[in-house]
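Here is the file coords.txt (compact mmCIF, C-alpha atoms).
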# COMPACT_ATOMS: atom_id res chain seq x y z
CA MET A 840 -137.00 -166.05 54.11
CA THR A 841 -138.11 -164.32 57.32
CA ALA A 842 -136.58 -160.91 57.99
CA CYS A 843 -134.85 -160.18 61.28
CA PRO A 844 -137.22 -158.16 63.52
CA THR A 845 -134.44 -155.96 64.93
CA HIS A 846 -131.88 -155.51 62.13
CA GLY A 847 -133.74 -156.54 58.94
CA ALA A 848 -134.06 -152.96 57.71
CA LEU A 849 -130.29 -152.42 57.92
CA LEU A 850 -129.36 -155.43 55.84
CA GLY A 851 -129.62 -153.72 52.44
CA GLY A 852 -127.35 -150.87 53.50
CA TYR A 853 -124.96 -153.37 55.08
CA VAL A 854 -124.70 -155.48 51.91
CA LEU A 855 -124.03 -152.38 49.80
CA GLY A 856 -121.61 -150.95 52.39
CA SER A 857 -123.72 -147.81 52.64
CA LEU A 858 -124.29 -147.60 56.41
CA GLU A 859 -122.40 -145.29 58.76
CA PRO A 860 -119.14 -146.83 60.12
CA ALA A 861 -120.63 -147.50 63.59
CA GLU A 862 -123.69 -149.21 62.04
CA MET A 863 -121.46 -151.31 59.79
CA ASP A 864 -119.53 -152.55 62.84
CA GLU A 865 -122.71 -153.33 64.71
CA MET A 866 -124.14 -155.25 61.72
CA ARG A 867 -120.92 -157.23 61.30
CA ARG A 868 -121.23 -158.49 64.87
CA HIS A 869 -124.96 -159.09 64.56
CA VAL A 870 -124.83 -160.98 61.24
CA ALA A 871 -122.26 -163.40 62.65
CA ASP A 872 -124.81 -164.70 65.21
CA CYS A 873 -128.28 -163.89 63.83
CA PRO A 874 -130.14 -166.90 62.36
CA TYR A 875 -132.09 -164.55 60.05
CA CYS A 876 -129.48 -162.04 58.93
CA GLY A 877 -126.61 -164.53 58.46
CA PRO A 878 -128.19 -166.57 55.63
CA GLU A 879 -129.86 -163.51 54.11
CA ALA A 880 -126.61 -161.55 54.04
CA ARG A 881 -124.98 -164.45 52.20
CA ALA A 882 -127.89 -164.61 49.68
CA LEU A 883 -127.78 -160.87 49.03
CA GLY A 884 -123.99 -160.64 49.25
CA VAL A 885 -123.52 -161.61 45.58
CA LEU A 886 -125.58 -158.66 44.38
CA PRO A 887 -122.88 -155.94 44.47
CA THR A 888 -120.68 -158.07 42.18
CA LEU A 889 -123.61 -158.65 39.81
CA LEU A 890 -124.42 -154.93 39.82
CA ASP A 891 -120.79 -154.18 38.97
CA SER A 892 -121.09 -156.31 35.82
CA ILE A 893 -123.25 -153.71 34.09
CA ASP A 894 -123.34 -150.03 33.36
CA LEU A 895 -126.57 -148.35 34.43
CA ALA A 896 -126.88 -147.03 30.87
CA GLU A 897 -127.75 -150.63 29.91
CA VAL A 898 -131.02 -150.36 31.90
CA PRO A 899 -133.56 -150.97 30.45
CA PRO A 900 -132.07 -153.50 28.01
CA PRO A 901 -132.77 -153.10 24.27
CA THR A 902 -136.14 -154.33 22.97
CA LEU A 903 -136.91 -156.09 19.73
CA PRO A 904 -138.95 -154.29 17.06
CA THR A 905 -142.29 -156.00 16.33
CA SER A 906 -141.28 -156.45 12.70
CA VAL A 907 -138.89 -159.22 13.81
CA GLU A 908 -141.78 -161.23 15.26
CA GLU A 909 -143.69 -160.84 12.02
CA ALA A 910 -140.64 -161.87 10.00
CA VAL A 911 -140.16 -164.98 12.18
CA LEU A 912 -143.81 -166.00 11.89
CA ASP A 913 -143.88 -165.27 8.18
CA ARG A 914 -140.79 -167.43 7.61
CA PHE A 915 -142.45 -170.19 9.64
CA THR A 916 -145.72 -169.97 7.68
CA ARG A 917 -143.92 -170.12 4.34
CA GLU A 918 -141.80 -173.11 5.37
CA ARG A 919 -144.83 -174.95 6.69
CA ALA A 920 -146.72 -174.24 3.46
CA SER A 921 -143.86 -175.63 1.38
CA GLN A 922 -143.67 -178.72 3.60
CA ARG A 923 -147.37 -179.42 3.08
CA ARG A 924 -147.22 -179.37 -0.73
CA PRO A 925 -145.61 -182.82 -1.37
CA ARG A 926 -148.56 -184.53 0.37
CA ARG A 927 -150.65 -183.98 -2.78
CA ARG A 928 -148.71 -186.76 -4.54
CA PHE A 929 -150.13 -189.24 -2.08
CA SER A 930 -153.63 -188.94 -3.46
CA LEU A 931 -152.42 -190.09 -6.88
CA ARG A 932 -151.49 -193.45 -5.41
CA LEU A 933 -154.95 -194.07 -3.92
CA PRO A 934 -157.02 -196.91 -5.35
CA ARG A 935 -159.57 -195.83 -7.93
CA VAL A 936 -162.61 -196.24 -5.69
CA ALA A 937 -161.00 -194.20 -2.92
CA ALA A 938 -159.86 -191.60 -5.45
CA ALA A 939 -163.41 -191.31 -6.76
CA GLY A 940 -164.69 -190.83 -3.21
CA VAL A 941 -162.08 -188.18 -2.54
CA ALA A 942 -163.02 -186.44 -5.79
CA CYS A 943 -166.71 -186.37 -4.77
CA VAL A 944 -165.89 -184.92 -1.36
CA ALA A 945 -163.55 -182.37 -2.98
CA ALA A 946 -166.29 -181.36 -5.43
CA VAL A 947 -168.70 -180.73 -2.56
CA VAL A 948 -166.07 -178.74 -0.65
CA ILE A 949 -165.21 -176.66 -3.71
CA ALA A 950 -168.90 -176.04 -4.35
CA LEU A 951 -169.29 -174.83 -0.78
CA LEU A 952 -166.26 -172.59 -1.11
CA VAL A 953 -167.21 -171.14 -4.47
CA VAL A 954 -170.81 -170.45 -3.51
CA GLY A 955 -170.78 -168.93 -0.03
CA GLY A 956 -173.38 -169.73 2.60
CA ASP A 957 -175.31 -166.60 1.76
CA GLY A 958 -175.32 -167.35 -1.94
CA GLU A 959 -172.60 -164.89 -2.91
CA VAL A 960 -170.17 -166.06 -5.57
CA SER A 961 -166.60 -166.16 -4.30
CA HIS A 962 -163.28 -166.74 -6.08
CA ALA A 963 -161.09 -166.82 -3.01
CA TYR A 964 -157.52 -167.96 -3.62
CA ALA A 965 -156.82 -168.17 0.11
CA SER A 966 -158.48 -167.88 3.48
CA ALA A 967 -157.40 -167.21 7.05
CA LYS A 968 -158.83 -167.79 10.49
CA LEU A 969 -157.84 -164.93 12.73
CA ALA A 970 -157.42 -165.64 16.45
CA PRO A 971 -156.99 -163.16 19.32
CA VAL A 972 -153.45 -162.06 20.16
CA GLY A 973 -154.01 -159.23 22.61
CA HIS A 974 -156.30 -158.77 25.57
CA VAL A 975 -159.42 -159.29 23.42
CA GLN A 976 -159.77 -162.98 24.19
CA LYS A 977 -163.24 -163.63 22.75
CA ALA A 978 -162.85 -162.10 19.31
CA SER A 979 -162.35 -164.10 16.13
CA ALA A 980 -162.60 -163.59 12.40
CA VAL A 981 -162.49 -165.37 9.08
CA ALA A 982 -161.12 -163.76 5.92
CA TRP A 983 -161.27 -164.79 2.28
CA ALA A 984 -158.82 -163.27 -0.20
CA GLU A 985 -159.71 -162.78 -3.86
CA ASP A 986 -157.43 -161.54 -6.65
CA VAL A 987 -158.74 -158.33 -8.26
CA PRO A 988 -157.04 -155.82 -10.61
CA ALA A 989 -156.35 -153.42 -7.72
CA GLY A 990 -154.70 -156.09 -5.58
CA THR A 991 -156.48 -158.39 -3.17
CA ARG A 992 -160.09 -158.00 -2.11
CA VAL A 993 -160.62 -159.36 1.39
CA ARG A 994 -164.02 -160.35 2.67
CA LEU A 995 -163.85 -160.29 6.45
CA ARG A 996 -166.31 -161.60 9.00
CA ALA A 997 -165.48 -160.85 12.62
CA ARG A 998 -167.23 -161.22 15.93
CA GLY A 999 -166.51 -160.42 19.57
CA LEU A 1000 -164.84 -157.11 18.73
CA PRO A 1001 -164.94 -154.49 21.52
CA THR A 1002 -167.52 -151.86 20.69
CA SER A 1003 -166.71 -149.35 23.43
CA GLY A 1004 -165.85 -145.86 22.24
CA LYS A 1005 -167.02 -146.60 18.68
CA ALA A 1006 -163.63 -148.04 17.84
CA THR A 1007 -162.48 -148.28 14.24
CA TYR A 1008 -160.52 -151.35 13.16
CA GLU A 1009 -158.01 -151.85 10.40
CA LEU A 1010 -157.09 -154.91 8.37
CA TRP A 1011 -153.43 -155.47 7.45
CA CYS A 1012 -151.68 -157.91 5.14
CA ILE A 1013 -148.11 -158.52 6.25
CA ARG A 1014 -145.75 -158.98 3.36
CA SER A 1015 -142.82 -161.39 3.36
CA ASP A 1016 -140.38 -158.48 3.73
CA GLY A 1017 -142.09 -157.51 7.02
CA ARG A 1018 -144.02 -154.51 5.62
CA TRP A 1019 -147.61 -154.05 6.76
CA ILE A 1020 -150.01 -153.20 3.93
CA SER A 1021 -153.32 -151.75 5.02
CA GLY A 1022 -156.52 -153.11 3.53
CA GLY A 1023 -158.60 -150.29 4.98
CA THR A 1024 -160.71 -149.66 8.04
CA PHE A 1025 -164.07 -150.89 9.28
CA ARG A 1026 -166.38 -150.60 12.27
CA ALA A 1027 -168.12 -153.25 14.35
CA ALA A 1028 -171.86 -153.37 15.02
CA ALA A 1029 -173.23 -152.98 18.55
CA ASP A 1030 -173.02 -156.76 19.11
CA GLY A 1031 -169.30 -156.81 18.21
CA ARG A 1032 -169.86 -158.35 14.77
CA ALA A 1033 -168.38 -156.90 11.60
CA GLU A 1034 -168.64 -157.78 7.95
CA ALA A 1035 -166.41 -155.85 5.58
CA MET A 1036 -165.13 -155.95 2.03
CA LEU A 1037 -161.66 -154.39 1.89
CA THR A 1038 -158.92 -154.08 -0.71
CA ALA A 1039 -155.18 -154.27 -0.05
CA GLY A 1040 -152.38 -153.65 -2.54
CA VAL A 1041 -150.93 -157.16 -2.33
CA ARG A 1042 -150.83 -160.16 -4.66
CA PRO A 1043 -151.13 -163.88 -3.93
CA GLY A 1044 -147.82 -165.15 -2.54
CA ASP A 1045 -146.68 -161.67 -1.48
CA TYR A 1046 -148.00 -162.10 2.02
CA HIS A 1047 -148.86 -164.92 4.41
CA VAL A 1048 -150.36 -163.24 7.46
CA MET A 1049 -153.40 -161.04 8.12
CA VAL A 1050 -153.83 -158.89 11.20
CA VAL A 1051 -156.68 -156.78 12.55
CA THR A 1052 -155.65 -153.82 14.70
CA ARG A 1053 -157.41 -150.97 16.36
CA HIS A 1054 -157.14 -148.03 13.93
CA THR A 1055 -154.87 -145.32 15.35
CA GLY A 1056 -155.41 -142.71 12.67
CA GLY A 1057 -151.77 -142.73 11.57
CA GLU A 1058 -151.10 -143.40 7.91
CA ALA A 1059 -147.99 -145.54 8.31
CA ASP A 1060 -148.23 -146.68 11.89
CA HIS A 1061 -150.52 -149.40 13.12
CA GLY A 1062 -152.19 -149.88 16.47
CA PRO A 1063 -151.95 -152.93 18.73
CA ALA A 1064 -152.86 -156.21 17.03
CA LEU A 1065 -156.15 -157.75 18.16
CA LEU A 1066 -156.52 -160.65 15.73
CA ARG A 1067 -153.99 -162.50 13.68
CA GLY A 1068 -154.02 -165.46 11.32
CA ALA A 1069 -151.84 -167.25 8.81
CA LEU A 1070 -153.10 -167.48 5.25
CA ARG A 1071 -153.96 -170.88 3.81
CA TYR A 1072 -153.52 -170.85 0.04
CA MET B 1182 -153.12 -172.81 32.52
CA ALA B 1183 -150.36 -171.78 30.14
CA PRO B 1184 -148.46 -174.69 28.57
CA SER B 1185 -144.93 -175.30 29.81
CA ASP B 1186 -141.95 -174.41 27.64
CA ALA B 1187 -141.28 -178.10 26.98
CA THR B 1188 -144.90 -178.65 25.89
CA LEU B 1189 -144.65 -175.77 23.43
CA VAL B 1190 -141.52 -177.26 21.87
CA GLU B 1191 -143.11 -180.72 21.71
CA ARG B 1192 -146.06 -179.25 19.82
CA LEU B 1193 -143.93 -177.30 17.34
CA PRO B 1194 -143.63 -180.09 14.72
CA SER B 1195 -147.43 -180.23 14.38
CA ASP B 1196 -148.00 -176.50 14.86
CA ASP B 1197 -149.54 -175.28 11.61
CA SER B 1198 -151.09 -172.12 13.03
CA GLY B 1199 -147.86 -170.68 14.48
CA ASP B 1200 -149.51 -170.27 17.90
CA GLU B 1201 -146.96 -172.39 19.78
CA LEU B 1202 -144.08 -170.66 18.04
CA ARG B 1203 -145.51 -167.22 18.81
CA GLU B 1204 -145.86 -168.09 22.50
CA LEU B 1205 -142.30 -169.40 22.66
CA TYR B 1206 -141.10 -166.29 20.87
CA ARG B 1207 -142.86 -164.02 23.36
CA ARG B 1208 -141.31 -165.85 26.29
CA TYR B 1209 -137.72 -165.81 25.10
CA SER B 1210 -137.10 -163.41 22.23
CA GLY B 1211 -136.45 -160.42 24.51
CA GLU B 1212 -133.72 -161.99 26.54
CA LEU B 1213 -132.16 -163.72 23.54
CA PHE B 1214 -132.05 -160.36 21.79
CA GLY B 1215 -130.45 -158.71 24.82
CA PHE B 1216 -127.93 -161.52 24.99
CA ALA B 1217 -127.14 -161.24 21.27
CA CYS B 1218 -126.88 -157.43 21.49
CA ASN B 1219 -124.38 -157.68 24.34
CA ALA B 1220 -122.40 -160.38 22.58
CA LEU B 1221 -122.32 -158.75 19.14
CA SER B 1222 -122.71 -155.02 19.89
CA ASP B 1223 -124.80 -154.80 16.73
CA ARG B 1224 -128.60 -154.57 16.80
CA GLU B 1225 -129.16 -155.71 13.22
CA LEU B 1226 -126.96 -158.77 13.60
CA ALA B 1227 -128.67 -159.50 16.92
CA GLU B 1228 -132.09 -159.37 15.21
CA GLU B 1229 -130.83 -161.85 12.61
CA VAL B 1230 -129.58 -164.14 15.36
CA VAL B 1231 -132.99 -164.11 17.08
CA GLN B 1232 -134.71 -165.00 13.81
CA ASP B 1233 -132.24 -167.82 13.21
CA VAL B 1234 -132.68 -169.19 16.73
CA PHE B 1235 -136.43 -169.60 16.29
CA ALA B 1236 -136.05 -170.96 12.76
CA ARG B 1237 -133.70 -173.65 14.10
CA ALA B 1238 -136.02 -174.26 17.04
CA TRP B 1239 -138.98 -175.19 14.84
CA ARG B 1240 -136.88 -177.14 12.36
CA HIS B 1241 -135.17 -179.17 15.06
CA ALA B 1242 -137.90 -179.28 17.70
CA GLU B 1243 -137.98 -183.08 17.49
CA ASP B 1244 -134.34 -183.19 18.66
CA TYR B 1245 -135.15 -181.40 21.90
CA ASP B 1246 -134.91 -183.63 24.97
CA SER B 1247 -136.39 -182.15 28.15
CA LYS B 1248 -134.35 -184.61 30.25
CA ARG B 1249 -131.09 -183.13 29.00
CA ALA B 1250 -131.75 -179.40 29.25
CA SER B 1251 -134.42 -176.81 29.87
CA VAL B 1252 -135.90 -175.08 26.83
CA ARG B 1253 -134.16 -171.93 27.94
CA THR B 1254 -130.74 -173.64 27.95
CA TRP B 1255 -131.51 -175.24 24.59
CA LEU B 1256 -132.41 -171.88 23.01
CA TYR B 1257 -129.33 -170.22 24.49
CA THR B 1258 -127.15 -173.00 23.11
CA ILE B 1259 -128.60 -172.39 19.64
CA ALA B 1260 -128.11 -168.64 20.10
CA ARG B 1261 -124.54 -169.11 21.22
CA ASN B 1262 -123.72 -171.08 18.06
CA ARG B 1263 -125.45 -168.49 15.88
CA ILE B 1264 -123.46 -165.72 17.56
CA VAL B 1265 -120.18 -167.52 17.01
CA ASP B 1266 -121.13 -167.96 13.33
CA ALA B 1267 -122.11 -164.29 13.04
CA ARG B 1268 -118.77 -163.25 14.51
CA ARG B 1269 -116.90 -165.48 12.11
CA ARG B 1270 -118.76 -163.99 9.18
CA ALA B 1271 -118.07 -160.47 10.42
CA ALA B 1272 -114.39 -161.29 10.96
CA VAL B 1273 -113.82 -162.30 7.33
CA ARG B 1274 -115.36 -159.11 5.99
CA PRO B 1275 -112.55 -156.59 5.65
CA GLY B 1276 -113.15 -153.35 7.47
CA LEU B 1277 -116.22 -154.54 9.36
CA ALA B 1278 -114.50 -155.97 12.41
CA PRO B 1279 -111.37 -154.85 14.22
CA GLU B 1280 -108.49 -157.26 13.98
CA THR B 1281 -108.39 -159.35 17.12
CA GLU B 1282 -106.43 -162.33 18.24
CA GLN B 1283 -108.12 -165.67 17.74
CA GLU B 1284 -110.16 -166.47 20.85
CA SER B 1285 -110.19 -169.96 22.29
CA PRO B 1286 -113.59 -171.72 22.63
CA ALA B 1287 -113.31 -171.38 26.42
CA ASP B 1288 -112.77 -167.61 26.08
CA VAL B 1289 -115.79 -167.38 23.79
CA ASP B 1290 -117.96 -169.33 26.25
CA ARG B 1291 -116.85 -167.14 29.15
CA GLU B 1292 -117.56 -164.02 27.20
CA LEU B 1293 -120.99 -165.23 26.12
CA GLU B 1294 -121.85 -166.22 29.69
CA HIS B 1295 -120.91 -162.72 30.74
CA ALA B 1296 -123.13 -161.28 28.00
CA VAL B 1297 -126.09 -163.35 29.27
CA LEU B 1298 -125.41 -162.23 32.82
CA ARG B 1299 -125.27 -158.57 31.83
CA TRP B 1300 -128.60 -158.81 30.07
CA GLN B 1301 -130.15 -160.61 33.05
CA VAL B 1302 -128.94 -158.04 35.57
CA ALA B 1303 -130.08 -155.14 33.37
CA ALA B 1304 -133.48 -156.78 32.84
CA ALA B 1305 -133.86 -157.51 36.56
CA LEU B 1306 -133.07 -153.89 37.45
CA ALA B 1307 -135.56 -152.72 34.85
CA ARG B 1308 -138.27 -154.77 36.60
CA LEU B 1309 -137.72 -153.01 39.96
CA SER B 1310 -139.96 -150.11 40.93
CA PRO B 1311 -138.44 -146.68 40.17
CA GLU B 1312 -138.01 -146.05 43.95
CA HIS B 1313 -136.13 -149.30 44.46
CA ARG B 1314 -133.96 -148.72 41.40
CA GLU B 1315 -133.18 -145.20 42.59
CA VAL B 1316 -131.81 -146.24 46.00
CA ILE B 1317 -129.62 -148.87 44.35
CA ARG B 1318 -128.40 -146.30 41.85
CA LEU B 1319 -127.51 -143.77 44.52
CA ALA B 1320 -126.03 -146.21 47.04
CA HIS B 1321 -124.21 -148.66 44.80
CA TYR B 1322 -123.37 -146.72 41.66
CA GLY B 1323 -123.32 -143.27 43.28
CA GLY B 1324 -121.40 -144.34 46.39
CA LEU B 1325 -123.68 -142.41 48.76
CA THR B 1326 -124.43 -143.58 52.30
CA LEU B 1327 -128.05 -144.13 53.22
CA ARG B 1328 -127.89 -141.03 55.44
CA GLU B 1329 -126.67 -138.95 52.46
CA ILE B 1330 -129.47 -140.34 50.29
CA SER B 1331 -131.98 -139.44 52.99
CA GLU B 1332 -130.67 -135.86 53.13
CA GLN B 1333 -130.39 -135.47 49.38
CA LYS B 1334 -133.89 -136.80 48.68
CA GLY B 1335 -135.62 -135.44 51.79
CA ILE B 1336 -136.85 -138.91 52.74
CA PRO B 1337 -136.75 -140.18 56.37
CA LEU B 1338 -133.62 -142.26 57.06
CA GLY B 1339 -135.71 -145.20 58.28
CA THR B 1340 -137.59 -145.25 54.96
CA VAL B 1341 -134.34 -145.22 52.97
CA LYS B 1342 -132.97 -148.11 55.05
CA SER B 1343 -136.02 -150.33 54.67
CA ARG B 1344 -136.42 -149.38 50.98
CA THR B 1345 -132.83 -150.40 50.27
CA SER B 1346 -133.34 -153.76 51.98
CA TYR B 1347 -136.58 -154.40 50.09
CA ALA B 1348 -134.95 -153.35 46.82
CA LEU B 1349 -132.15 -155.89 47.22
CA ARG B 1350 -134.50 -158.66 48.32
CA THR B 1351 -136.73 -158.04 45.30
CA LEU B 1352 -133.72 -157.96 42.98
CA ARG B 1353 -132.53 -161.28 44.41
CA LEU B 1354 -135.97 -162.84 43.84
CA ILE B 1355 -136.13 -161.62 40.25
CA LEU B 1356 -132.66 -162.98 39.54
CA ASP B 1357 -133.63 -166.32 41.11
CA GLU B 1358 -136.65 -166.46 38.81
CA MET B 1359 -134.29 -165.87 35.89
CA GLU B 1360 -132.14 -168.78 37.08
CA VAL B 1361 -129.12 -166.56 37.76
CA ARG B 1362 -126.81 -168.68 39.85
CA ALA B 1363 -124.16 -166.17 40.86

Kindly transcribe the structure held in the file into structure tokens.
Amino acid sequence: MTACPTHGALLGGYVLGSLEPAEMDEMRRHVADCPYCGPEARALGVLPTLLDSIDLAEVPPPTLPTSVEEAVLDRFTRERASQRRPRRRFSLRLPRVAAAGVACVAAVVIALLVVGGDGEVSHAYASAKLAPVGHVQKASAVAWAEDVPAGTRVRLRARGLPTSGKATYELWCIRSDGRWISGGTFRAAADGRAEAMLTAGVRPGDYHVMVVTRHTGGEADHGPALLRGALRY
Amino acid sequence: MAPSDATLVERLPSDDSGDELRELYRRYSGELFGFACNALSDRELAEEVVQDVFARAWRHAEDYDSKRASVRTWLYTIARNRIVDARRRAAVRPGLAPETEQESPADVDRELEHAVLRWQVAAALARLSPEHREVIRLAHYGGLTLREISEQKGIPLGTVKSRTSYALRTLRLILDEMEVRA
């Protein structure tokens, strides 16, 4: 919409009825004939009624706490996990040869999982691939969760983490009730890679999401999320 | 390029990572929450409604038909039904809701439309620059003329006039983006 070169600046005051009486009269006459101001006055003319529909105290509108997003995603992850379970029955109906093949492949996969690539023995009950959620687009991480007497020991491998300012990062396990349980903090190397062994006070099934944040120093509060991933049990 | 709303909903049934759901949530949860807050006047109930809306969205994503309605309209329809349910539940709990006459479905729809509109106008005003919001506040809500605003704020009258016009044009554009058809 092109603004009127002579009266465009008066249009806002005219629509709100906030010009001086003589200017209002002049604009009334002008708007009736002007090919720019006529249509624009009609487009803007609905605004006073819309503005009347609210109280200025309603600005800005209320915002949702982040715990609701976590609760929604957690509910989603749990439902998806429960939907996946019945598929196991299918393998029982496979012909024997196919079942034997599947068993061989499964044995190899289990062997790879139990003995990690670097030869370390692992008893992970779940794993998670963490993808970027904030402005850190190139970061990623993989986490393995193992049941230990103190809770859950998480082995985390991350890369692409920002290294400016010697940032400290924190791993969180988000419980089904929306509470964030810290697994502890870690730092990244100069190339943005990090390898950490952390322990969080959670048990298998208590939580379904892991998040890496920038460590803020607060005991209860957490910084902005950088990486996030759903757990695969 | 970011996927369209309809694409996100189409991908929901096969979304195991939660990425599509999270994106949809980020696009719409704020306005649905504002809508539910206005309609229910209760933040906790409004939070429950938002959770329910997205739960229904992923469970019934296969029912969504982009030819019949936009994703936004579809989500608002779900939210509207959740709000009506929440009100019914509140109404049967003694002492939690004031006794009111039974509203007709048309009354409920009108009221909910008004709640959406209020959230949209409040959100649009919040997106204006502080200077633009201030001239609207003083002129429309404060009833001052542009000359009085100029004197009160010590800003040249010409600046106040053009600022007011730009403020309203920007507000109109934001409301158009939000599909406000008033």

Residues of chain A within 6 Å of chain B, counting all atoms listed in the file, as a VMD selection string: chain A and resid 848 to 851 857 to 858 893 898 to 900 911

Since we have the selection now, will you write its residues out, keeping C-alpha atoms, as an mmCIF file, in the coordinates of the input?
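Output below, filename out.cif:
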data_model
loop_
_atom_site.group_PDB
_atom_site.id
_atom_site.type_symbol
_atom_site.label_atom_id
_atom_site.label_comp_id
_atom_site.auth_asym_id
_atom_site.auth_seq_id
_atom_site.Cartn_x
_atom_site.Cartn_y
_atom_site.Cartn_z
ATOM 1 C CA ALA A 848 -134.060 -152.960 57.710
ATOM 2 C CA LEU A 849 -130.290 -152.420 57.920
ATOM 3 C CA LEU A 850 -129.360 -155.430 55.840
ATOM 4 C CA GLY A 851 -129.620 -153.720 52.440
ATOM 5 C CA SER A 857 -123.720 -147.810 52.640
ATOM 6 C CA LEU A 858 -124.290 -147.600 56.410
ATOM 7 C CA ILE A 893 -123.250 -153.710 34.090
ATOM 8 C CA VAL A 898 -131.020 -150.360 31.900
ATOM 9 C CA PRO A 899 -133.560 -150.970 30.450
ATOM 10 C CA PRO A 900 -132.070 -153.500 28.010
ATOM 11 C CA VAL A 911 -140.160 -164.980 12.180
#

Exercise: range 1023-1025 of chain A partners within 9 Å, all atoms listed in the file, chain neighbours under 5 positions left out, as number ranges by chain: A: 1007-1011, 1033-1039, 1054

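The interatomic distance for the pair CA of Arg1014 in chain A and CA of Ala967 in chain A works out to 14.7 Å.
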
Separation of CA of His1061 in chain A from CA of Val975 in chain A in Å: 16.8 Å

Residues within 8 Å of Leu1256 in chain B, all atoms listed in the file, excluding chain neighbours under 4 positions, as an MDAnalysis selection string: chainID B and resid 1234 1238 1252 1260

Per-axis box centre and lengths in Å around range 1205-1217 of chain B, 6 Å margin per side, axis-aligned, as JSON:
{"center_x": -135.0, "center_y": -164.1, "center_z": 23.7, "size_x": 27.7, "size_y": 22.7, "size_z": 17.7}
